[in-house]
$ cat upload_34.cif   # mmCIF, C-alpha atoms
data_input
#
loop_
_atom_site.label_atom_id
_atom_site.label_comp_id
_atom_site.auth_asym_id
_atom_site.auth_seq_id
_atom_site.Cartn_x
_atom_site.Cartn_y
_atom_site.Cartn_z
CA MET A 402 92.17 129.83 44.98
CA MET A 403 93.70 126.69 43.54
CA PRO A 404 95.47 124.42 46.08
CA HIS A 405 99.25 124.43 46.19
CA PHE A 406 100.27 120.80 46.72
CA TYR A 407 104.01 120.98 46.03
CA PRO A 408 106.75 123.37 44.93
CA LYS A 409 106.56 124.41 41.31
CA ASN A 410 109.94 123.01 40.30
CA ASP A 411 113.21 121.54 41.54
CA TRP A 412 114.73 124.90 42.31
CA ASP A 413 111.79 126.04 44.46
CA SER A 414 111.84 122.78 46.39
CA PHE A 415 115.56 122.79 47.17
CA GLU A 416 115.75 126.54 47.71
CA GLU A 417 113.04 126.28 50.33
CA LEU A 418 114.97 123.46 51.97
CA HIS A 419 118.24 125.40 51.69
CA VAL A 420 116.85 128.17 53.91
CA ILE A 421 115.96 125.61 56.61
CA VAL A 422 119.36 123.92 56.35
CA GLN A 423 121.19 127.25 56.73
CA GLN A 424 119.23 127.97 59.90
CA LEU A 425 120.03 124.53 61.31
CA GLU A 426 123.72 125.06 60.51
CA LEU A 427 123.57 128.36 62.38
CA CYS A 428 121.99 126.61 65.37
CA GLN A 429 124.87 124.13 65.41
CA GLY A 430 127.34 126.93 65.98
CA LEU A 431 125.20 128.55 68.65
CA LEU A 432 124.77 125.29 70.57
CA ARG A 433 128.49 124.46 70.40
CA SER A 434 129.43 127.77 71.97
CA ARG A 435 129.94 128.15 75.71
CA SER A 436 127.42 130.99 75.86
CA HIS A 437 124.04 130.15 77.35
CA SER A 438 122.64 133.28 75.68
CA LYS A 439 123.62 131.86 72.28
CA ALA A 440 122.06 128.54 73.26
CA ARG A 441 118.86 130.42 74.09
CA ALA A 442 118.99 132.06 70.65
CA ALA A 443 119.35 128.57 69.13
CA VAL A 444 116.21 127.36 70.96
CA ILE A 445 114.25 130.36 69.69
CA LEU A 446 115.45 129.79 66.12
CA LEU A 447 114.82 126.03 66.23
CA ASP A 448 111.32 126.65 67.53
CA HIS A 449 110.79 128.97 64.57
CA VAL A 450 112.06 126.33 62.12
CA ALA A 451 109.67 123.73 63.57
CA ASP A 452 106.80 126.22 63.41
CA VAL A 453 107.53 127.03 59.75
CA LEU A 454 107.72 123.36 58.77
CA MET A 455 104.43 122.59 60.49
CA TYR A 456 102.75 125.69 59.06
CA ARG A 457 103.62 124.75 55.49
CA VAL A 458 102.21 121.24 55.84
CA CYS A 459 99.04 122.46 57.56
CA ASN A 460 98.56 125.28 55.07
CA ASP A 461 98.86 122.94 52.08
CA ASP A 462 96.38 120.55 53.65
CA PHE A 463 93.93 123.32 54.48
CA GLU A 464 94.13 124.87 51.03
CA PHE A 465 93.09 121.52 49.61
CA GLN A 466 90.27 121.27 52.15
CA ALA A 467 89.12 124.79 51.25
CA PHE A 468 88.97 123.71 47.59
CA GLN A 469 87.03 120.55 48.45
CA GLU A 470 84.65 122.55 50.64
CA MET A 471 82.90 123.69 47.48
CA ILE A 472 81.47 120.21 46.96
CA SER A 473 81.79 118.33 50.29
CA PRO A 474 82.07 119.13 54.01
CA PRO A 475 85.70 119.74 55.06
CA ALA A 476 87.49 117.50 57.55
CA VAL A 477 88.32 120.60 59.63
CA PRO A 478 85.97 123.64 59.79
CA ALA A 479 87.33 126.95 58.53
CA LYS A 480 87.40 128.54 62.01
CA LYS A 481 89.34 125.59 63.42
CA ARG A 482 91.76 125.70 60.47
CA ALA A 483 92.54 129.34 61.21
CA GLU A 484 93.14 128.50 64.89
CA ILE A 485 95.51 125.66 63.99
CA LEU A 486 97.53 127.87 61.66
CA PHE A 487 97.81 130.54 64.36
CA ARG A 488 98.68 128.41 67.41
CA PHE A 489 101.86 126.38 67.77
CA ASP A 490 100.35 123.75 70.06
CA ALA A 491 97.36 123.34 67.75
CA LYS A 492 99.65 122.60 64.79
CA VAL A 493 101.56 120.04 66.85
CA SER A 494 98.31 118.37 67.92
CA TYR A 495 96.92 118.31 64.38
CA LEU A 496 100.05 116.82 62.81
CA SER A 497 100.64 114.26 65.58
CA GLN A 498 97.09 113.23 66.54
CA LYS A 499 95.14 113.82 63.33
CA LYS A 500 97.68 113.36 60.53
CA ARG A 501 100.08 111.03 62.39
CA LEU A 502 103.07 112.71 60.76
CA MET A 503 105.11 112.80 63.96
CA SER A 504 105.40 110.61 67.04
CA ASP A 505 103.94 111.54 70.41
CA GLU A 506 107.49 111.75 71.78
CA ASN A 507 108.55 114.31 69.18
CA ALA A 508 105.32 116.23 69.70
CA SER A 509 106.07 116.36 73.44
CA VAL A 510 109.58 117.73 72.80
CA LEU A 511 108.20 120.45 70.53
CA LEU A 512 105.58 121.52 73.08
CA ILE A 513 108.01 121.58 76.00
CA SER A 514 110.65 123.44 74.00
CA HIS A 515 108.03 125.93 72.84
CA ARG A 516 107.12 126.70 76.46
CA ILE A 517 110.80 127.24 77.27
CA ARG A 518 111.13 129.39 74.15
CA ASN A 519 108.17 131.53 75.24
CA PHE A 520 109.77 132.22 78.61
CA ALA A 521 113.04 133.15 76.90
CA TYR A 522 111.46 135.25 74.15
CA HIS A 523 108.62 136.99 75.99
CA ARG A 524 109.85 137.08 79.62
CA ASP A 525 113.62 137.17 79.09
CA TYR A 526 114.12 134.10 81.29
CA HIS A 527 116.00 130.86 80.68
CA ASN A 528 117.88 128.38 82.85
CA PRO A 529 121.56 128.84 81.90
CA LYS A 530 122.44 125.40 83.30
CA THR A 531 120.06 123.39 81.12
CA ILE A 532 119.36 125.53 78.05
CA PHE A 533 122.19 123.74 76.18
CA VAL A 534 120.53 120.36 76.77
CA VAL A 535 117.12 121.64 75.72
CA GLY A 536 118.61 123.13 72.57
CA ARG A 537 120.43 119.96 71.55
CA ILE A 538 117.38 117.75 72.15
CA LEU A 539 115.21 120.14 70.15
CA TYR A 540 117.82 120.19 67.36
CA LYS A 541 117.77 116.39 67.17
CA THR A 542 113.97 116.40 67.05
CA VAL A 543 113.80 118.99 64.28
CA CYS A 544 116.27 116.95 62.21
CA GLU A 545 114.13 113.87 62.81
CA ILE A 546 110.88 115.46 61.63
CA LEU A 547 112.53 117.34 58.74
CA PRO A 548 112.29 114.48 56.16
CA ILE A 549 108.57 114.13 56.92
CA LEU A 550 107.44 117.73 57.11
CA ALA A 551 109.66 119.10 54.33
CA GLN A 552 108.42 116.41 51.90
CA ARG A 553 105.36 118.14 50.47
CA GLY A 554 103.49 116.30 47.76
CA GLN A 555 104.30 113.02 46.01
CA VAL A 556 106.28 114.31 43.02
CA SER A 557 109.82 113.10 42.27
CA TYR A 558 112.56 115.64 41.80
CA SER A 559 115.99 115.45 40.24
CA SER A 560 118.92 116.64 42.36
CA ASN A 561 121.32 116.86 39.43
CA THR A 562 121.20 120.59 38.71
CA LYS A 563 123.79 123.33 39.06
CA GLU A 564 121.57 125.37 41.36
CA GLN A 565 121.60 122.53 43.91
CA ALA A 566 125.39 122.18 44.20
CA TRP A 567 125.17 123.01 47.91
CA THR A 568 123.60 119.59 48.54
CA LYS A 569 126.85 117.73 47.68
CA ARG A 570 128.35 118.33 51.12
CA TYR A 571 125.41 116.43 52.59
CA GLY A 572 125.99 113.29 50.53
CA VAL A 573 123.47 114.06 47.79
CA THR A 574 124.81 112.70 44.49
CA ALA A 575 123.64 112.84 40.89
CA GLU A 576 122.33 109.27 41.20
CA LEU A 577 119.54 110.39 43.49
CA PHE A 578 116.42 111.24 41.50
CA LYS A 579 113.92 111.54 44.32
CA PHE A 580 113.59 114.59 46.50
CA SER A 581 112.69 112.37 49.44
CA GLU A 582 116.02 110.52 49.16
CA ALA A 583 118.00 113.73 48.98
CA LEU A 584 116.02 115.10 51.92
CA GLN A 585 116.76 112.02 54.03
CA HIS A 586 120.50 112.29 53.27
CA ILE A 587 120.54 115.94 54.32
CA SER A 588 118.54 115.27 57.51
CA ASP A 589 120.80 112.38 58.53
CA TYR A 590 123.92 114.46 57.96
CA LEU A 591 122.58 117.38 60.00
CA GLY A 592 121.47 115.10 62.85
CA GLN A 593 124.89 113.48 63.12
CA ARG A 594 126.56 116.88 63.47
CA MET A 595 125.16 117.40 66.97
CA LYS A 596 126.17 114.92 69.68
CA ILE A 597 124.19 114.33 72.85
CA THR A 598 123.33 111.18 74.79
CA PRO A 599 120.66 110.50 77.43
CA SER A 600 123.35 109.89 80.06
CA SER A 601 125.24 113.14 79.45
CA ALA A 602 122.02 115.16 79.28
CA ALA A 603 120.67 113.50 82.44
CA ARG A 604 123.87 114.30 84.31
CA ILE A 605 123.52 118.04 83.58
CA ILE A 606 119.79 118.21 84.31
CA ARG A 607 120.06 116.10 87.47
CA ALA A 608 122.86 118.26 88.87
CA ASP A 609 120.92 121.49 88.31
CA LEU A 610 117.69 120.18 89.85
CA PHE A 611 119.50 118.73 92.87
CA VAL A 612 121.32 121.99 93.63
CA ARG A 613 118.05 123.91 93.50
CA TYR A 614 116.20 121.27 95.52
CA LYS A 615 118.83 121.23 98.28
CA ARG A 616 118.90 125.03 98.44
CA MET A 617 115.13 125.10 98.79
CA ARG A 618 115.11 122.44 101.52
CA ARG A 619 117.89 124.25 103.38
CA THR A 620 115.82 127.43 103.42
CA MET A 621 112.73 125.61 104.67
CA ASP A 622 114.54 123.60 107.35
CA HIS A 623 116.95 126.17 108.78
CA TRP A 624 115.65 129.64 107.96
CA LEU A 625 111.90 129.05 108.03
CA GLY A 626 112.13 126.28 110.67
CA LEU A 627 109.78 123.95 108.79
CA LYS A 628 111.37 120.63 109.70
CA LYS A 629 108.14 118.84 110.63
CA ASP A 630 105.70 117.69 107.97
CA LYS A 631 102.67 119.42 109.51
CA ALA A 632 104.29 122.85 109.62
CA LEU A 633 105.61 122.40 106.08
CA ASN A 634 102.23 121.24 104.76
CA ASP A 635 100.49 124.22 106.38
CA MET A 636 102.87 126.65 104.70
CA LEU A 637 102.62 124.95 101.31
CA LYS A 638 98.82 124.81 101.48
CA HIS A 639 98.63 128.51 102.33
CA TYR A 640 100.59 129.61 99.27
CA GLU A 641 99.25 126.95 96.91
CA PHE A 642 95.71 127.96 97.84
CA ALA A 643 96.48 131.64 97.20
CA ASP A 644 98.07 130.68 93.86
CA ALA A 645 95.44 128.21 92.63
CA GLN A 646 92.42 130.22 93.82
CA SER A 647 93.69 133.69 92.91
CA GLU A 648 90.78 134.49 90.59
CA GLU A 649 88.18 133.22 93.05
CA LEU A 650 89.80 135.13 95.92
CA GLU A 651 89.77 138.29 93.83
CA LYS A 652 86.00 137.95 93.45
CA LEU A 653 85.57 137.37 97.19
CA ARG A 654 87.76 140.38 97.95
CA GLN A 655 85.83 142.79 95.70
CA PRO A 656 83.14 143.73 98.31
CA VAL A 657 85.98 144.70 100.69
CA LYS A 658 87.48 146.92 98.00
CA ASN A 659 84.09 148.47 97.27
CA ALA A 660 83.68 149.34 100.94
CA ARG A 661 87.12 150.96 101.03
CA TYR A 662 86.33 152.87 97.84
CA MET A 663 83.63 154.71 99.81
CA VAL A 664 86.42 156.62 101.54
CA TYR A 665 87.96 157.48 98.19
CA GLU A 666 84.64 158.82 96.90
CA LEU A 667 84.66 161.43 99.67
CA HIS A 668 88.01 162.79 98.46
CA LYS A 669 87.41 162.34 94.75
CA GLY A 670 88.28 165.45 92.77
CA LEU A 671 89.93 167.23 95.71
CA PRO A 672 93.66 168.06 95.75
CA PRO A 673 95.61 166.33 98.56
CA GLU A 674 96.12 169.56 100.46
CA GLU A 675 92.35 169.89 100.84
CA TRP A 676 91.80 166.42 102.32
CA PRO A 677 92.44 167.45 105.98
CA LYS A 678 89.84 170.20 105.61
CA LEU A 679 87.13 167.78 104.46
CA ILE A 680 84.30 167.48 106.97
CA VAL A 681 82.60 164.07 107.08
CA ARG A 682 79.28 163.77 108.90
CA PRO A 683 79.20 161.24 111.78
CA GLU A 684 76.45 159.19 110.14
CA LYS A 685 78.57 158.88 106.98
CA ARG A 686 81.55 157.70 109.04
CA ARG A 687 79.38 155.07 110.70
CA GLU A 688 78.03 153.95 107.33
CA ILE A 689 81.52 153.50 105.92
CA ARG A 690 82.82 151.72 109.01
CA ARG A 691 79.80 149.41 109.09
CA ALA A 692 80.20 148.56 105.40
CA MET A 693 83.91 147.73 105.87
CA ILE A 694 83.29 145.54 108.91
CA VAL A 695 80.51 143.58 107.18
CA ALA A 696 82.57 143.10 104.03
CA GLU A 697 85.69 141.99 105.90
CA ARG A 698 83.76 139.54 108.08
CA ALA A 699 82.08 138.02 105.04
CA PHE A 700 85.41 137.71 103.24
CA LYS A 701 87.08 135.99 106.21
CA ALA A 702 84.21 133.51 106.58
CA GLN A 703 84.25 132.66 102.87
CA TYR A 704 88.04 132.43 102.86
CA ARG A 705 88.10 130.01 105.81
CA LYS A 706 85.52 127.75 104.16
CA ALA A 707 87.30 127.74 100.78
CA PHE A 708 90.65 127.09 102.47
CA ARG A 709 89.22 124.23 104.51
CA ASP A 710 87.79 122.56 101.40
CA PHE A 711 90.93 123.07 99.29
CA ARG A 712 92.94 119.90 98.57
CA GLN A 713 96.60 120.70 98.19
CA THR A 714 98.81 118.81 95.72
CA ILE A 715 102.21 119.96 96.95
CA THR A 716 103.04 118.39 100.31
CA ALA A 717 106.03 117.22 102.31
CA GLU A 718 105.56 113.76 100.80
CA SER A 719 105.42 115.14 97.25
CA LEU A 720 108.73 116.91 97.91
CA ARG A 721 110.32 113.64 98.96
CA SER A 722 108.88 112.03 95.84
CA MET A 723 110.39 114.86 93.79
CA SER A 724 113.79 114.06 95.25
CA ARG A 725 113.45 110.40 94.28
CA LYS A 726 112.37 111.32 90.74
CA ILE A 727 115.35 113.64 90.34
CA ARG A 728 117.65 110.77 91.29
CA GLY A 729 115.82 108.54 88.81
CA LEU A 730 116.69 110.80 85.88
CA SER A 731 119.97 108.93 85.50
CA ALA A 732 118.02 105.92 84.20
CA ALA A 733 116.27 107.84 81.38
CA ALA A 734 116.27 105.65 78.29
CA SER A 735 115.74 108.37 75.69
CA LEU A 736 116.21 112.10 75.23
CA ASN A 737 112.49 112.62 74.65
CA TYR A 738 111.56 110.92 77.92
CA LEU A 739 114.29 112.80 79.78
CA LEU A 740 113.03 116.17 78.57
CA SER A 741 109.45 115.28 79.54
CA GLN A 742 110.54 114.33 83.06
CA TYR A 743 112.69 117.44 83.34
CA ASP A 744 109.80 119.66 82.29
CA PHE A 745 107.50 118.16 84.93
CA LEU A 746 110.06 118.32 87.74
CA GLU A 747 111.35 121.76 86.80
CA ARG A 748 107.87 123.26 86.80
CA GLN A 749 107.01 121.66 90.13
CA LEU A 750 110.31 122.74 91.68
CA THR A 751 109.92 126.30 90.36
CA GLN A 752 106.46 126.46 91.93
CA VAL A 753 107.76 125.35 95.35
CA GLU A 754 110.71 127.74 95.08
CA ALA A 755 108.24 130.59 94.54
CA TYR A 756 106.25 129.58 97.64
CA VAL A 757 109.40 129.39 99.75
CA ALA A 758 110.56 132.79 98.50
CA ARG A 759 107.18 134.31 99.40
CA ALA A 760 107.28 132.70 102.85
CA GLU A 761 110.79 134.04 103.34
CA GLY A 762 109.67 137.53 102.30
CA ASP A 763 106.66 137.43 104.63
CA LEU A 764 108.90 136.34 107.51
CA ASP A 765 111.35 139.19 106.87
CA PHE A 766 108.45 141.63 106.79
CA ALA A 767 107.08 140.29 110.10
CA ILE A 768 110.54 140.60 111.69
CA ASP A 769 110.86 144.18 110.49
CA LEU A 770 107.45 145.03 111.95
CA ALA A 771 108.39 143.47 115.28
CA ARG A 772 111.54 145.57 115.33
CA GLY A 773 109.54 148.71 114.65
CA LYS A 774 110.97 149.35 111.22
#
$ encode --input "upload_34.cif" --output "structure tokens"
Amino acid sequence: MMPHFYPKNDWDSFEELHVIVQQLELCQGLLRSRSHSKARAAVILLDHVADVLMYRVCNDDFEFQAFQEMISPPAVPAKKRAEILFRFDAKVSYLSQKKRLMSDENASVLLISHRIRNFAYHRDYHNPKTIFVVGRILYKTVCEILPILAQRGQVSYSSNTKEQAWTKRYGVTAELFKFSEALQHISDYLGQRMKITPSSAARIIRADLFVRYKRMRRTMDHWLGLKKDKALNDMLKHYEFADAQSEELEKLRQPVKNARYMVYELHKGLPPEEWPKLIVRPEKRREIRRAMIVAERAFKAQYRKAFRDFRQTITAESLRSMSRKIRGLSAAASLNYLLSQYDFLERQLTQVEAYVARAEGDLDFAIDLARGK
């Protein structure tokens, strides 16, 4: 297959761009609405636009490499090329680290926004308080990378054709004879249509994180009674260990399950009404009981050792540090840096919120047991 370096003619080039511009115009309306669901839709669509732009550039580059592979080793192996085209994060890494077509800051925004998009698209979850900010920052970033990623090839194009009349509203005049110039005009116009500043974005993000942080601390201090650092650290270590070592604990727990399955094997194939009639020999009962005791003792010993050696990362001090970092968001100098800090703090806070919720649920369960429920 011959490589496809650039669109075949002016119309193809601008028509391809027109589709992107229409999607960005649609995102403007969604982000200006007061609906957080529409803002979520804008994030999903913007993520798609970024993915399409990156895919086209990578695909053109890889088609050329596939052609060159006939006479010289390719810069990227065929298997790796397929992986890059398939994975969003791999395309971002290739274009930012390998090709240097986008800054590390813009790459960070795309990766963070893609994670938020995945939660919204695949798990039906988004933060209604901050999704507007994420959407506007992502919009600005897409407009910033548009002149670079939409410029495919080094051929000049004329913008003075009837089919490209739609470009006039973006400041593209008949005097412009380079596609890159017309593309820059359109990108600048689109970027100016969406207003957001680091201070306004920080105010929204900071308020949301502080409300959640205070609610979480209130639950720990007053409901769970974890006012002292030692008690709080013990609780956090318990749930962080269970979370971080879940796969390893599942392996340690398997012998216990196998021992309990011995009881199931006795009833296998029998209807429930026949279970009380089943006669189990005393030696079989002793075998099962012995196997369960041995397995449970081994699991407890291994669990205690693994728990003792585990080094927790979330502590009472890290929570105080989180509070200071949330306050420091007001001093964010750029939207890219603000989103990076928000992503880190939001993930850490969400993790602690999950641990507190589990501790609260376990406490309610213990209370119900004590009351005989």
$ closest_residue --input "upload_34.cif" --among "A:Gln593, A:Gln749, A:Ser647, A:Ser731" --to "Ile605 (chain A)" --atoms "only C-alpha atoms"
A:Ser731
$ closest_residue --input "upload_34.cif" --among "A:Ala643, A:Ile587, A:Ala483, A:Ala696" --to "Thr568 (chain A)" --atoms "only C-alpha atoms"
A:Ile587
$ atom_distance --input "upload_34.cif" --atom1 "CA of Ala451 (chain A)" --atom2 "CA of Ala732 (chain A)"
28.5 Å
$ residues_around --input "upload_34.cif" --residues "Tyr456 (chain A)" --least-positions-apart "2" --cutoff "9 Å" --atoms "all atoms listed in the file" --output "VMD selection string"
chain A and resid 451 to 454 458 to 461 485 to 487 489 492
$ write_last_selection --input "upload_34.cif" --atoms "C-alpha atoms" --output "mmCIF file, in the coordinates of the input"
data_model
loop_
_atom_site.group_PDB
_atom_site.id
_atom_site.type_symbol
_atom_site.label_atom_id
_atom_site.label_comp_id
_atom_site.auth_asym_id
_atom_site.auth_seq_id
_atom_site.Cartn_x
_atom_site.Cartn_y
_atom_site.Cartn_z
ATOM 1 C CA ALA A 451 109.670 123.730 63.570
ATOM 2 C CA ASP A 452 106.800 126.220 63.410
ATOM 3 C CA VAL A 453 107.530 127.030 59.750
ATOM 4 C CA LEU A 454 107.720 123.360 58.770
ATOM 5 C CA VAL A 458 102.210 121.240 55.840
ATOM 6 C CA CYS A 459 99.040 122.460 57.560
ATOM 7 C CA ASN A 460 98.560 125.280 55.070
ATOM 8 C CA ASP A 461 98.860 122.940 52.080
ATOM 9 C CA ILE A 485 95.510 125.660 63.990
ATOM 10 C CA LEU A 486 97.530 127.870 61.660
ATOM 11 C CA PHE A 487 97.810 130.540 64.360
ATOM 12 C CA PHE A 489 101.860 126.380 67.770
ATOM 13 C CA LYS A 492 99.650 122.600 64.790
#
$ atom_distance --input "upload_34.cif" --atom1 "CA of Leu730 (chain A)" --atom2 "CA of Tyr743 (chain A)"
8.2 Å
$ closest_residue --input "upload_34.cif" --among "A:Met471, A:Ala699, A:Ile532, A:Leu511" --to "Ile606 (chain A)" --atoms "only C-alpha atoms"
A:Ile532
$ closest_atom_pairs --input "upload_34.cif" --of "region 449-542 of chain A" --to "region 425-429 of chain A" --cutoff "10 Å" --atoms "all atoms listed in the file" --output "CSV"
residue,atom,partner,partner_atom,distance
A:Val450,CA,A:Leu425,CA,8.2
A:Gly536,CA,A:Cys428,CA,8.7
A:Arg537,CA,A:Gln429,CA,8.6
A:Tyr540,CA,A:Leu425,CA,7.8
$ resolve_selection --input "upload_34.cif" --expression "the PyMOL selection byres ((chain A and resi 527-530) around 12)" --output "ChimeraX atom specification"
/A:435-442,444-445,514,516-526,531-536,602,604-610,612-613,744,747-748,751
$ atom_distance --input "upload_34.cif" --atom1 "CA of Ile727 (chain A)" --atom2 "CA of Phe611 (chain A)"
7.0 Å
$ resolve_selection --input "upload_34.cif" --expression "the PyMOL selection byres ((chain A and resi 618) around 12)" --output "PyMOL selection string"
chain A and resi 611-617+619-628+633+717+720-721+723-724+750+753-754+757-758
$ closest_residue --input "upload_34.cif" --among "A:Glu484, A:Glu506, A:Glu688, A:Glu464" --to "Leu739 (chain A)" --atoms "all atoms listed in the file"
A:Glu506
$ closest_residue --input "upload_34.cif" --among "A:Trp567, A:Glu674, A:Tyr665, A:Gln469" --to "Gln423 (chain A)" --atoms "only C-alpha atoms"
A:Trp567
